[in-house]
Amino acid sequence: MTIVYLVAGWLAGIAAARAFGEAVVWWVWLLMGVVAAAAAILLRSRDERAALLAGSTALFLLGGMAYTLATPEFGPEDVAAYNDEGRVALTGRIVAMPDVRDTHVNLRVRAETLEPEGDDRHNVNGLVLVQAPRGTDYAYGDMVRVLGELNTPPAFDTFSYRDYLARENVYSLMQYTFVEVTEEGGGNPVRRALIGFRQHADRTITRLLPDPAASLLSGILLGIETGISPDVREAFNAVSATHVIAISGSNLVVLAGVIDAVSRRFVPGRTAAVLTIGGVIGYAIFVGADAAVIRAAIMVTLYILANLLGRETFGLASLAFAAFLMTALNPLTLWDVGFQLSFLATLGLMLYVAPMQAGLEQILTNLIDAERAREIVGGLSDMLLVTIAAQITTTPIMAYHFGRFSIAAFPVNLLIVPVQGPLMILGGIGVLLAMIVFPLGQLVTWGSYLFLMWTVGVVRFFASMPFASVDLTLSAGATAAIYIVLFGATALAMAPTSTRERILSAASQLWTVKLAAGGGLIAAVLLLAGSSSLPDGRLHVWFIDVGDG
């Protein structure tokens with residue numbers, strides 16, 4: 001558990017630095033962190049609890065330093081320094097797969113030169129999100145010349161597009177532009193090949209299946225969600241089932257299982273493990289490597305490495321390490337909604353599935369024989385208990401971000417989650433086969449079509465019901481309070497009996513003292529207020545003439 005406490009301190013430090021803003025400079029965080037780290041080292045052999053507290057404090061302070069250093073300060077060489085100064089001519093290279101939307105194409109362009117209107121050309125660097133007009137074939141690696149206004153991304157009342165892009169190191173936005181491709185075929189050849197393969201797979205899915213099945217399968221397998229129609233997306237939002245569309249840990253677990261099972265038939269176990277890790281990492285990069293995918297890839301890789309080395313894995317430690325690694329590379333990841341949902345859903349599975357299994361098995365054992373009870377619990381775990389556990393930890397953060405609470409989320413997830421595994425396997429194999437022999441791939445892919453339409457049908461049915469979701473807006477403070485109570489109660493329940501009794505006894509005494517003190521204080525205030533209103537110290541009775549009353 002040591003790494004869990006240390007990482008908790010690190011994440012709290014990042015959050016605190018955001019709250020403080022520029023009030024504390026990075027070297028102050030560093031200086032205090034070094035002092036706390038030295039204290040942890042000195043106390044290690046004397047008092048383990050004090051050393052752990054000092055170590056967590058050190059990570060808290062270093063996390064604050066990491067966030068402060070991640071906040072950019074733009075100079076003349078940064079393209080963002082020229083934001084909001086009018087029209088410019090920008091040249092740069094497309095560094096990501098073009099994101100095709102209904103009215104435009106989003107291009108991530110790494111700027112190389114910038115020529116403000118009426119000024120000289122400057123050599124610059126930095127990423128710019130360019131909203132280019134449709135009608136031109138853009139590709140990763142193309143060199144482009146862009147004419148338009150260079151602006152700071154906007155921040156709205158309920159959503160900050162500026163913060164969203166900043167998490168991806170994008171601080172400049174160009175809309176309503178004229179874009180000219182001046183050179184084709186640049187960039188990293190490996191990444192270009194991966195992106196080309198991803199686009200080819202997306203086009204193959206479009207040929208294989210009708211919508212909405214095709215766009216849903218592209219989202220599940222490739223992480224390409226732009227083809228999903230607004231009404232289908234809104235239905236998934238209404239019943240809190242958007243996690244099915246997004247690439248998540250379940251995708252990587254299924255992929256790792258398939259690669260491991262196939263590779264072990266041809267190569268030794270260690271080689272199969274290496275191939276599985278390579279496949280997981282390659283797939284994470286292939287589908288875009290967003291925060292939720294990277295978190296899942298790290299955890300799956302740690303699990304495979306532990307099995308390879310003959311070591312037992314501790315889920316909370318793996319989750320904590322994944323969170324630390326991701327936020328160390330980019331502290332702003334902590335505010336990525338996908339990362340938060342993925343992290344909390346995984347945490348819910350780790351904390352609550354096993355206790356619920358044990359509790360349900362105990363209840364069933366009182367009614368039927370133990371062996372039959374274990375079989376029933378095992379069959380319900382993947383459908384019922386996993387769904388409940390994930391809902392427990394993700395519902396508050398979803399209400400905070402999306403302002404709604406779905407009453408239908410539980411039955412929907414209970415009905416659609418079990419079919420996602422076979423859907424992915426049949427869909428993935430079918431697409432690969434179709435890229436080689438189209439009719440054969442089409443035959444296999446149509447097996448996944450049944451699961452896809454089942455998913456869409458269930459979601460649409462429940463989304464159309466009255467009160468499928470209700471508006472529920474939680475403030476940041478209320479959301480934090482809910483999680484403090486939830487995880488505090490969970491930690492208390494998981495603590496040893498002696499520790500739990502000691503904590504409850506201390507809390508009871510503290511509560512009794514505070515209740516007595518609070519009651520006495522209230523009585524004293526009332527007496528003081530009453531006596532101060534009677535300067536002569538006597539009781540005064542007033543009779544009011546109200547006529548016939």
# chains A, B, ... in the order shown; residues from 1 in each chain; ligands from 1
call {"tool": "closest_atom_pairs", "arguments": {"of": "range 118-172 of chain A", "to": "range 178-191 of chain A", "cutoff": "12 Å", "atoms": "only C-alpha atoms", "output": "JSON lines"}}
result
{"residue": "A:Val130", "atom": "CA", "partner": "A:Val179", "partner_atom": "CA", "distance": 8.8}
{"residue": "A:Gln131", "atom": "CA", "partner": "A:Val179", "partner_atom": "CA", "distance": 9.1}
{"residue": "A:Ala132", "atom": "CA", "partner": "A:Val179", "partner_atom": "CA", "distance": 6.2}
{"residue": "A:Pro133", "atom": "CA", "partner": "A:Phe178", "partner_atom": "CA", "distance": 7.3}
{"residue": "A:Arg134", "atom": "CA", "partner": "A:Val179", "partner_atom": "CA", "distance": 10.0}
{"residue": "A:Gly135", "atom": "CA", "partner": "A:Val179", "partner_atom": "CA", "distance": 10.8}
{"residue": "A:Thr136", "atom": "CA", "partner": "A:Val181", "partner_atom": "CA", "distance": 8.9}
{"residue": "A:Asp137", "atom": "CA", "partner": "A:Val181", "partner_atom": "CA", "distance": 9.1}
{"residue": "A:Tyr138", "atom": "CA", "partner": "A:Val181", "partner_atom": "CA", "distance": 7.7}
{"residue": "A:Ala139", "atom": "CA", "partner": "A:Glu184", "partner_atom": "CA", "distance": 7.8}
{"residue": "A:Tyr140", "atom": "CA", "partner": "A:Gly187", "partner_atom": "CA", "distance": 7.0}
{"residue": "A:Gly141", "atom": "CA", "partner": "A:Gly186", "partner_atom": "CA", "distance": 4.1}
{"residue": "A:Asp142", "atom": "CA", "partner": "A:Glu184", "partner_atom": "CA", "distance": 4.5}
{"residue": "A:Met143", "atom": "CA", "partner": "A:Glu183", "partner_atom": "CA", "distance": 4.8}
{"residue": "A:Val144", "atom": "CA", "partner": "A:Val181", "partner_atom": "CA", "distance": 4.4}
{"residue": "A:Arg145", "atom": "CA", "partner": "A:Glu180", "partner_atom": "CA", "distance": 5.2}
{"residue": "A:Val146", "atom": "CA", "partner": "A:Val179", "partner_atom": "CA", "distance": 4.6}
{"residue": "A:Leu147", "atom": "CA", "partner": "A:Phe178", "partner_atom": "CA", "distance": 5.2}
{"residue": "A:Gly148", "atom": "CA", "partner": "A:Phe178", "partner_atom": "CA", "distance": 6.7}
{"residue": "A:Glu149", "atom": "CA", "partner": "A:Phe178", "partner_atom": "CA", "distance": 10.4}
call {"tool": "write_last_selection", "arguments": {"atoms": "N, CA, C and O atoms", "output": "CSV table (one decimal), in the first residue's frame"}}
result
chain,number,residue,atom,x,y,z
A,130,VAL,N,-6.0,23.4,-36.5
A,130,VAL,CA,-6.4,24.1,-37.7
A,130,VAL,C,-7.8,23.4,-38.1
A,130,VAL,O,-7.8,22.2,-38.3
A,131,GLN,N,-8.8,24.2,-38.2
A,131,GLN,CA,-10.1,23.7,-38.7
A,131,GLN,C,-10.1,24.1,-40.2
A,131,GLN,O,-10.4,25.2,-40.6
A,132,ALA,N,-9.8,23.0,-41.0
A,132,ALA,CA,-9.7,23.2,-42.5
A,132,ALA,C,-11.0,22.9,-43.2
A,132,ALA,O,-11.8,22.1,-42.7
A,133,PRO,N,-11.3,23.5,-44.3
A,133,PRO,CA,-12.5,23.2,-45.0
A,133,PRO,C,-12.4,21.8,-45.6
A,133,PRO,O,-11.3,21.3,-46.0
A,134,ARG,N,-13.6,21.2,-45.8
A,134,ARG,CA,-13.6,19.9,-46.4
A,134,ARG,C,-13.5,20.0,-47.9
A,134,ARG,O,-13.6,21.1,-48.5
A,135,GLY,N,-13.2,18.9,-48.5
A,135,GLY,CA,-13.1,18.9,-50.0
A,135,GLY,C,-11.6,18.6,-50.4
A,135,GLY,O,-11.4,18.3,-51.6
A,136,THR,N,-10.7,18.6,-49.5
A,136,THR,CA,-9.3,18.3,-49.8
A,136,THR,C,-8.9,17.1,-49.0
A,136,THR,O,-9.2,16.9,-47.9
A,137,ASP,N,-8.1,16.2,-49.6
A,137,ASP,CA,-7.6,15.0,-48.9
A,137,ASP,C,-6.3,15.4,-48.2
A,137,ASP,O,-5.2,15.7,-48.8
A,138,TYR,N,-6.4,15.5,-46.9
A,138,TYR,CA,-5.3,15.8,-46.0
A,138,TYR,C,-4.8,14.5,-45.4
A,138,TYR,O,-5.6,13.5,-45.2
A,139,ALA,N,-3.5,14.4,-45.1
A,139,ALA,CA,-2.9,13.2,-44.6
A,139,ALA,C,-1.8,13.5,-43.6
A,139,ALA,O,-1.2,14.6,-43.6
A,140,TYR,N,-1.6,12.5,-42.7
A,140,TYR,CA,-0.5,12.7,-41.7
A,140,TYR,C,0.8,12.9,-42.5
A,140,TYR,O,1.1,12.2,-43.5
A,141,GLY,N,1.6,13.8,-42.0
A,141,GLY,CA,2.9,14.1,-42.6
A,141,GLY,C,2.9,15.2,-43.7
A,141,GLY,O,4.0,15.6,-44.1
A,142,ASP,N,1.7,15.6,-44.2
A,142,ASP,CA,1.7,16.6,-45.2
A,142,ASP,C,2.2,18.0,-44.6
A,142,ASP,O,1.9,18.3,-43.5
A,143,MET,N,2.9,18.7,-45.4
A,143,MET,CA,3.3,20.1,-45.1
A,143,MET,C,2.2,21.0,-45.7
A,143,MET,O,1.8,20.9,-46.8
A,144,VAL,N,1.7,21.9,-44.8
A,144,VAL,CA,0.6,22.8,-45.2
A,144,VAL,C,0.9,24.2,-45.0
A,144,VAL,O,1.7,24.6,-44.1
A,145,ARG,N,0.2,25.1,-45.8
A,145,ARG,CA,0.3,26.6,-45.6
A,145,ARG,C,-1.1,27.0,-45.2
A,145,ARG,O,-2.1,26.7,-46.0
A,146,VAL,N,-1.3,27.7,-44.1
A,146,VAL,CA,-2.6,28.0,-43.6
A,146,VAL,C,-2.7,29.5,-43.5
A,146,VAL,O,-1.8,30.2,-42.9
A,147,LEU,N,-3.8,30.1,-44.0
A,147,LEU,CA,-4.1,31.5,-43.9
A,147,LEU,C,-5.4,31.7,-43.0
A,147,LEU,O,-6.4,31.0,-43.2
A,148,GLY,N,-5.3,32.5,-42.0
A,148,GLY,CA,-6.4,32.8,-41.1
A,148,GLY,C,-6.0,33.5,-39.8
A,148,GLY,O,-4.8,33.9,-39.7
A,149,GLU,N,-6.9,33.6,-38.9
A,149,GLU,CA,-6.6,34.2,-37.6
A,149,GLU,C,-6.1,33.1,-36.6
A,149,GLU,O,-6.7,32.1,-36.5
call {"tool": "select_by_dssp", "arguments": {"residues": "range 19-136 of chain A", "states": "alpha helix (DSSP H)", "output": "ChimeraX atom specification"}}
result
/A:19-20,26-43,48-70
call {"tool": "residues_around", "arguments": {"residues": "Ser263 in chain A", "least_positions_apart": "3", "cutoff": "9 Å", "atoms": "only C-alpha atoms", "output": "list in words"}}
result
Val258, Ile259, Asp260, Phe266, Val267, Pro268, Gly269, Thr271, Ala272, Ala273, Leu275 and Thr276 of chain A
call {"tool": "write_last_selection", "arguments": {"atoms": "all heavy atoms", "output": "CSV table (one decimal), in the first residue's frame"}}
result
chain,number,residue,atom,x,y,z
A,258,VAL,N,-6.5,-12.7,-26.6
A,258,VAL,CA,-6.4,-13.4,-28.0
A,258,VAL,C,-5.0,-13.6,-28.4
A,258,VAL,O,-4.6,-14.6,-28.9
A,258,VAL,CB,-7.2,-12.5,-29.0
A,258,VAL,CG1,-7.0,-13.0,-30.4
A,258,VAL,CG2,-8.7,-12.5,-28.6
A,259,ILE,N,-4.1,-12.5,-28.3
A,259,ILE,CA,-2.7,-12.6,-28.8
A,259,ILE,C,-2.0,-13.7,-28.0
A,259,ILE,O,-1.3,-14.5,-28.5
A,259,ILE,CB,-2.0,-11.3,-28.6
A,259,ILE,CG1,-2.6,-10.2,-29.5
A,259,ILE,CG2,-0.5,-11.4,-28.9
A,259,ILE,CD1,-2.1,-8.8,-29.4
A,260,ASP,N,-2.2,-13.7,-26.6
A,260,ASP,CA,-1.6,-14.7,-25.8
A,260,ASP,C,-2.0,-16.1,-26.2
A,260,ASP,O,-1.1,-17.0,-26.3
A,260,ASP,CB,-1.9,-14.4,-24.3
A,260,ASP,CG,-1.1,-15.3,-23.4
A,260,ASP,OD1,0.1,-15.2,-23.3
A,260,ASP,OD2,-1.8,-16.2,-22.8
A,266,PHE,N,2.5,-21.4,-30.9
A,266,PHE,CA,3.6,-21.4,-31.8
A,266,PHE,C,4.9,-21.1,-31.2
A,266,PHE,O,6.0,-21.5,-31.7
A,266,PHE,CB,3.3,-20.5,-33.0
A,266,PHE,CG,2.0,-20.7,-33.7
A,266,PHE,CD1,0.9,-19.9,-33.4
A,266,PHE,CD2,1.9,-21.7,-34.6
A,266,PHE,CE1,-0.3,-20.1,-34.1
A,266,PHE,CE2,0.7,-21.9,-35.3
A,266,PHE,CZ,-0.4,-21.1,-35.0
A,267,VAL,N,4.9,-20.4,-30.1
A,267,VAL,CA,6.2,-20.0,-29.5
A,267,VAL,C,6.2,-20.2,-28.0
A,267,VAL,O,5.1,-20.4,-27.4
A,267,VAL,CB,6.4,-18.4,-29.7
A,267,VAL,CG1,6.6,-18.2,-31.2
A,267,VAL,CG2,5.3,-17.6,-29.1
A,268,PRO,N,7.3,-20.2,-27.3
A,268,PRO,CA,7.3,-20.5,-25.8
A,268,PRO,C,6.6,-19.3,-25.1
A,268,PRO,O,6.3,-18.3,-25.6
A,268,PRO,CB,8.8,-20.5,-25.5
A,268,PRO,CG,9.5,-20.8,-26.8
A,268,PRO,CD,8.7,-20.2,-27.9
A,269,GLY,N,6.4,-19.6,-23.8
A,269,GLY,CA,5.6,-18.7,-23.0
A,269,GLY,C,6.2,-17.3,-22.9
A,269,GLY,O,5.5,-16.3,-22.9
A,271,THR,N,8.3,-15.7,-24.9
A,271,THR,CA,8.1,-15.1,-26.2
A,271,THR,C,6.7,-14.6,-26.4
A,271,THR,O,6.4,-13.5,-27.0
A,271,THR,CB,8.6,-16.0,-27.4
A,271,THR,OG1,9.9,-16.5,-27.1
A,271,THR,CG2,8.6,-15.3,-28.7
A,272,ALA,N,5.7,-15.5,-26.0
A,272,ALA,CA,4.3,-15.1,-26.2
A,272,ALA,C,4.0,-13.9,-25.3
A,272,ALA,O,3.2,-13.0,-25.8
A,272,ALA,CB,3.4,-16.3,-25.8
A,273,ALA,N,4.6,-13.8,-24.1
A,273,ALA,CA,4.3,-12.6,-23.3
A,273,ALA,C,4.9,-11.4,-23.9
A,273,ALA,O,4.2,-10.3,-23.9
A,273,ALA,CB,5.0,-12.9,-21.9
A,275,LEU,N,5.4,-10.9,-27.1
A,275,LEU,CA,4.5,-10.5,-28.3
A,275,LEU,C,3.2,-9.9,-27.8
A,275,LEU,O,2.7,-9.0,-28.4
A,275,LEU,CB,4.2,-11.8,-29.1
A,275,LEU,CG,5.4,-12.4,-29.8
A,275,LEU,CD1,4.9,-13.7,-30.5
A,275,LEU,CD2,5.9,-11.5,-30.9
A,276,THR,N,2.6,-10.4,-26.7
A,276,THR,CA,1.4,-9.8,-26.2
A,276,THR,C,1.6,-8.4,-25.7
A,276,THR,O,0.8,-7.5,-26.0
A,276,THR,CB,0.9,-10.7,-25.0
A,276,THR,OG1,0.7,-12.0,-25.4
A,276,THR,CG2,-0.4,-10.1,-24.5
call {"tool": "atom_distance", "arguments": {"atom1": "CA of Ser45 in chain A", "atom2": "CA of Leu325 in chain A"}}
result
27.7 Å
call {"tool": "closest_residue", "arguments": {"among": "A:Ala463, A:Ile195, A:Leu305, A:Val377", "to": "Gln362 in chain A", "atoms": "only C-alpha atoms"}}
result
A:Val377
call {"tool": "select_by_dssp", "arguments": {"residues": "range 44-282 of chain A", "states": "strand (DSSP E)", "output": "MDAnalysis selection string"}}
result
chainID A and resid 87:94 99:100 104:116 122:123 127:133 143:149 170:174 178:183
call {"tool": "residues_around", "arguments": {"residues": "Gly348 in chain A", "least_positions_apart": "2", "cutoff": "8 Å", "atoms": "only C-alpha atoms", "output": "list in words"}}
result
Leu344, Ala345, Thr346, Met350, Leu351, Tyr352, Val353, Ala389, Ala390, Gln391, Ile392 and Thr393 of chain A
call {"tool": "residues_around", "arguments": {"residues": "Phe462 in chain A", "least_positions_apart": "3", "cutoff": "8 Å", "atoms": "only C-alpha atoms", "output": "ChimeraX atom specification"}}
result
/A:239,408,412,458-459,465,468
call {"tool": "write_last_selection", "arguments": {"atoms": "all heavy atoms", "output": "PDB file, in the first residue's frame"}}
result
ATOM      1  N   VAL A 239     -28.078   7.228 -21.291  1.00  0.00           N
ATOM      2  CA  VAL A 239     -28.098   6.041 -20.418  1.00  0.00           C
ATOM      3  C   VAL A 239     -26.707   5.713 -19.871  1.00  0.00           C
ATOM      4  O   VAL A 239     -26.469   4.613 -19.374  1.00  0.00           O
ATOM      5  CB  VAL A 239     -28.678   4.822 -21.159  1.00  0.00           C
ATOM      6  CG1 VAL A 239     -30.132   5.063 -21.532  1.00  0.00           C
ATOM      7  CG2 VAL A 239     -27.869   4.491 -22.407  1.00  0.00           C
ATOM      8  N   ALA A 408     -31.462   4.628 -15.982  1.00  0.00           N
ATOM      9  CA  ALA A 408     -31.434   3.402 -16.785  1.00  0.00           C
ATOM     10  C   ALA A 408     -30.029   2.834 -16.963  1.00  0.00           C
ATOM     11  O   ALA A 408     -29.863   1.807 -17.635  1.00  0.00           O
ATOM     12  CB  ALA A 408     -32.042   3.671 -18.163  1.00  0.00           C
ATOM     13  N   VAL A 412     -29.119  -1.031 -18.559  1.00  0.00           N
ATOM     14  CA  VAL A 412     -28.508  -0.962 -19.887  1.00  0.00           C
ATOM     15  C   VAL A 412     -27.152  -1.646 -19.881  1.00  0.00           C
ATOM     16  O   VAL A 412     -26.843  -2.490 -20.743  1.00  0.00           O
ATOM     17  CB  VAL A 412     -28.390   0.506 -20.350  1.00  0.00           C
ATOM     18  CG1 VAL A 412     -27.485   0.600 -21.578  1.00  0.00           C
ATOM     19  CG2 VAL A 412     -29.755   1.066 -20.675  1.00  0.00           C
ATOM     20  N   VAL A 458     -30.869  -1.844 -27.434  1.00  0.00           N
ATOM     21  CA  VAL A 458     -31.068  -1.703 -25.988  1.00  0.00           C
ATOM     22  C   VAL A 458     -30.896  -0.252 -25.560  1.00  0.00           C
ATOM     23  O   VAL A 458     -31.691   0.301 -24.790  1.00  0.00           O
ATOM     24  CB  VAL A 458     -30.090  -2.620 -25.224  1.00  0.00           C
ATOM     25  CG1 VAL A 458     -30.084  -2.290 -23.734  1.00  0.00           C
ATOM     26  CG2 VAL A 458     -30.448  -4.083 -25.438  1.00  0.00           C
ATOM     27  N   VAL A 459     -29.845   0.388 -26.062  1.00  0.00           N
ATOM     28  CA  VAL A 459     -29.577   1.779 -25.696  1.00  0.00           C
ATOM     29  C   VAL A 459     -30.722   2.682 -26.136  1.00  0.00           C
ATOM     30  O   VAL A 459     -31.211   3.528 -25.372  1.00  0.00           O
ATOM     31  CB  VAL A 459     -28.235   2.243 -26.314  1.00  0.00           C
ATOM     32  CG1 VAL A 459     -28.087   3.755 -26.204  1.00  0.00           C
ATOM     33  CG2 VAL A 459     -27.071   1.553 -25.625  1.00  0.00           C
ATOM     34  N   MET A 465     -37.294   5.971 -22.988  1.00  0.00           N
ATOM     35  CA  MET A 465     -38.232   5.869 -21.877  1.00  0.00           C
ATOM     36  C   MET A 465     -38.269   7.181 -21.092  1.00  0.00           C
ATOM     37  O   MET A 465     -37.248   7.868 -20.962  1.00  0.00           O
ATOM     38  CB  MET A 465     -37.830   4.719 -20.948  1.00  0.00           C
ATOM     39  CG  MET A 465     -37.895   3.354 -21.587  1.00  0.00           C
ATOM     40  SD  MET A 465     -37.354   2.047 -20.461  1.00  0.00           S
ATOM     41  CE  MET A 465     -38.608   2.162 -19.182  1.00  0.00           C
ATOM     42  N   ALA A 468     -35.470   8.445 -18.353  1.00  0.00           N
ATOM     43  CA  ALA A 468     -34.274   7.625 -18.545  1.00  0.00           C
ATOM     44  C   ALA A 468     -33.079   8.261 -17.851  1.00  0.00           C
ATOM     45  O   ALA A 468     -32.195   7.579 -17.338  1.00  0.00           O
ATOM     46  CB  ALA A 468     -33.980   7.450 -20.031  1.00  0.00           C
TER      47      ALA A 468
END
call {"tool": "atom_distance", "arguments": {"atom1": "CA of Glu375 in chain A", "atom2": "CA of Leu414 in chain A"}}
result
18.6 Å
call {"tool": "residues_around", "arguments": {"residues": "range 106-118 of chain A", "least_positions_apart": "3", "cutoff": "6 Å", "atoms": "only C-alpha atoms", "output": "list in words"}}
result
Arg87, Val88, Ala89, Leu90, Thr91, Gly92, Arg93, Ile94, Val95, Ala96, Pro98, Asp99, Arg121, His122, Asn123, Val124, Asn125, Gly126, Leu127, Val128, Leu129, Val130 and Gln131 of chain A
call {"tool": "decode", "arguments": {"residues": "range 28-41 of chain A", "atoms": "N, CA, C and O atoms", "output": "PDB file, in the first residue's frame"}}
result
ATOM      1  N   VAL A  28      10.010  26.863  -5.046  1.00  0.00           N
ATOM      2  CA  VAL A  28       9.535  26.755  -3.660  1.00  0.00           C
ATOM      3  C   VAL A  28       8.972  25.366  -3.405  1.00  0.00           C
ATOM      4  O   VAL A  28       9.250  24.730  -2.370  1.00  0.00           O
ATOM      5  N   TRP A  29       8.164  24.870  -4.363  1.00  0.00           N
ATOM      6  CA  TRP A  29       7.685  23.488  -4.261  1.00  0.00           C
ATOM      7  C   TRP A  29       8.850  22.513  -4.153  1.00  0.00           C
ATOM      8  O   TRP A  29       8.836  21.589  -3.317  1.00  0.00           O
ATOM      9  N   LEU A  30       9.872  22.695  -4.999  1.00  0.00           N
ATOM     10  CA  LEU A  30      11.018  21.790  -5.010  1.00  0.00           C
ATOM     11  C   LEU A  30      11.772  21.829  -3.691  1.00  0.00           C
ATOM     12  O   LEU A  30      12.133  20.777  -3.138  1.00  0.00           O
ATOM     13  N   LEU A  31      12.020  23.033  -3.178  1.00  0.00           N
ATOM     14  CA  LEU A  31      12.776  23.165  -1.933  1.00  0.00           C
ATOM     15  C   LEU A  31      12.065  22.474  -0.779  1.00  0.00           C
ATOM     16  O   LEU A  31      12.670  21.698  -0.024  1.00  0.00           O
ATOM     17  N   MET A  32      10.777  22.716  -0.652  1.00  0.00           N
ATOM     18  CA  MET A  32      10.024  22.062   0.423  1.00  0.00           C
ATOM     19  C   MET A  32       9.950  20.556   0.205  1.00  0.00           C
ATOM     20  O   MET A  32       9.984  19.771   1.164  1.00  0.00           O
ATOM     21  N   GLY A  33       9.863  20.124  -1.055  1.00  0.00           N
ATOM     22  CA  GLY A  33       9.827  18.694  -1.340  1.00  0.00           C
ATOM     23  C   GLY A  33      11.117  17.997  -0.975  1.00  0.00           C
ATOM     24  O   GLY A  33      11.099  16.873  -0.457  1.00  0.00           O
ATOM     25  N   VAL A  34      12.253  18.644  -1.238  1.00  0.00           N
ATOM     26  CA  VAL A  34      13.547  18.059  -0.868  1.00  0.00           C
ATOM     27  C   VAL A  34      13.655  17.913   0.648  1.00  0.00           C
ATOM     28  O   VAL A  34      14.132  16.890   1.158  1.00  0.00           O
ATOM     29  N   VAL A  35      13.187  18.914   1.388  1.00  0.00           N
ATOM     30  CA  VAL A  35      13.218  18.845   2.852  1.00  0.00           C
ATOM     31  C   VAL A  35      12.354  17.686   3.346  1.00  0.00           C
ATOM     32  O   VAL A  35      12.770  16.898   4.220  1.00  0.00           O
ATOM     33  N   ALA A  36      11.147  17.538   2.786  1.00  0.00           N
ATOM     34  CA  ALA A  36      10.261  16.450   3.196  1.00  0.00           C
ATOM     35  C   ALA A  36      10.843  15.088   2.828  1.00  0.00           C
ATOM     36  O   ALA A  36      10.727  14.122   3.590  1.00  0.00           O
ATOM     37  N   ALA A  37      11.479  14.995   1.660  1.00  0.00           N
ATOM     38  CA  ALA A  37      12.102  13.732   1.250  1.00  0.00           C
ATOM     39  C   ALA A  37      13.255  13.369   2.185  1.00  0.00           C
ATOM     40  O   ALA A  37      13.434  12.192   2.550  1.00  0.00           O
ATOM     41  N   ALA A  38      14.058  14.364   2.582  1.00  0.00           N
ATOM     42  CA  ALA A  38      15.154  14.108   3.526  1.00  0.00           C
ATOM     43  C   ALA A  38      14.604  13.615   4.857  1.00  0.00           C
ATOM     44  O   ALA A  38      15.166  12.690   5.475  1.00  0.00           O
ATOM     45  N   ALA A  39      13.497  14.213   5.308  1.00  0.00           N
ATOM     46  CA  ALA A  39      12.875  13.769   6.551  1.00  0.00           C
ATOM     47  C   ALA A  39      12.388  12.325   6.443  1.00  0.00           C
ATOM     48  O   ALA A  39      12.529  11.535   7.375  1.00  0.00           O
ATOM     49  N   ALA A  40      11.835  11.964   5.283  1.00  0.00           N
ATOM     50  CA  ALA A  40      11.367  10.590   5.084  1.00  0.00           C
ATOM     51  C   ALA A  40      12.519   9.598   5.154  1.00  0.00           C
ATOM     52  O   ALA A  40      12.387   8.513   5.741  1.00  0.00           O
ATOM     53  N   ILE A  41      13.667   9.961   4.582  1.00  0.00           N
ATOM     54  CA  ILE A  41      14.835   9.077   4.602  1.00  0.00           C
ATOM     55  C   ILE A  41      15.355   8.912   6.025  1.00  0.00           C
ATOM     56  O   ILE A  41      15.695   7.806   6.463  1.00  0.00           O
TER      57      ILE A  41
END
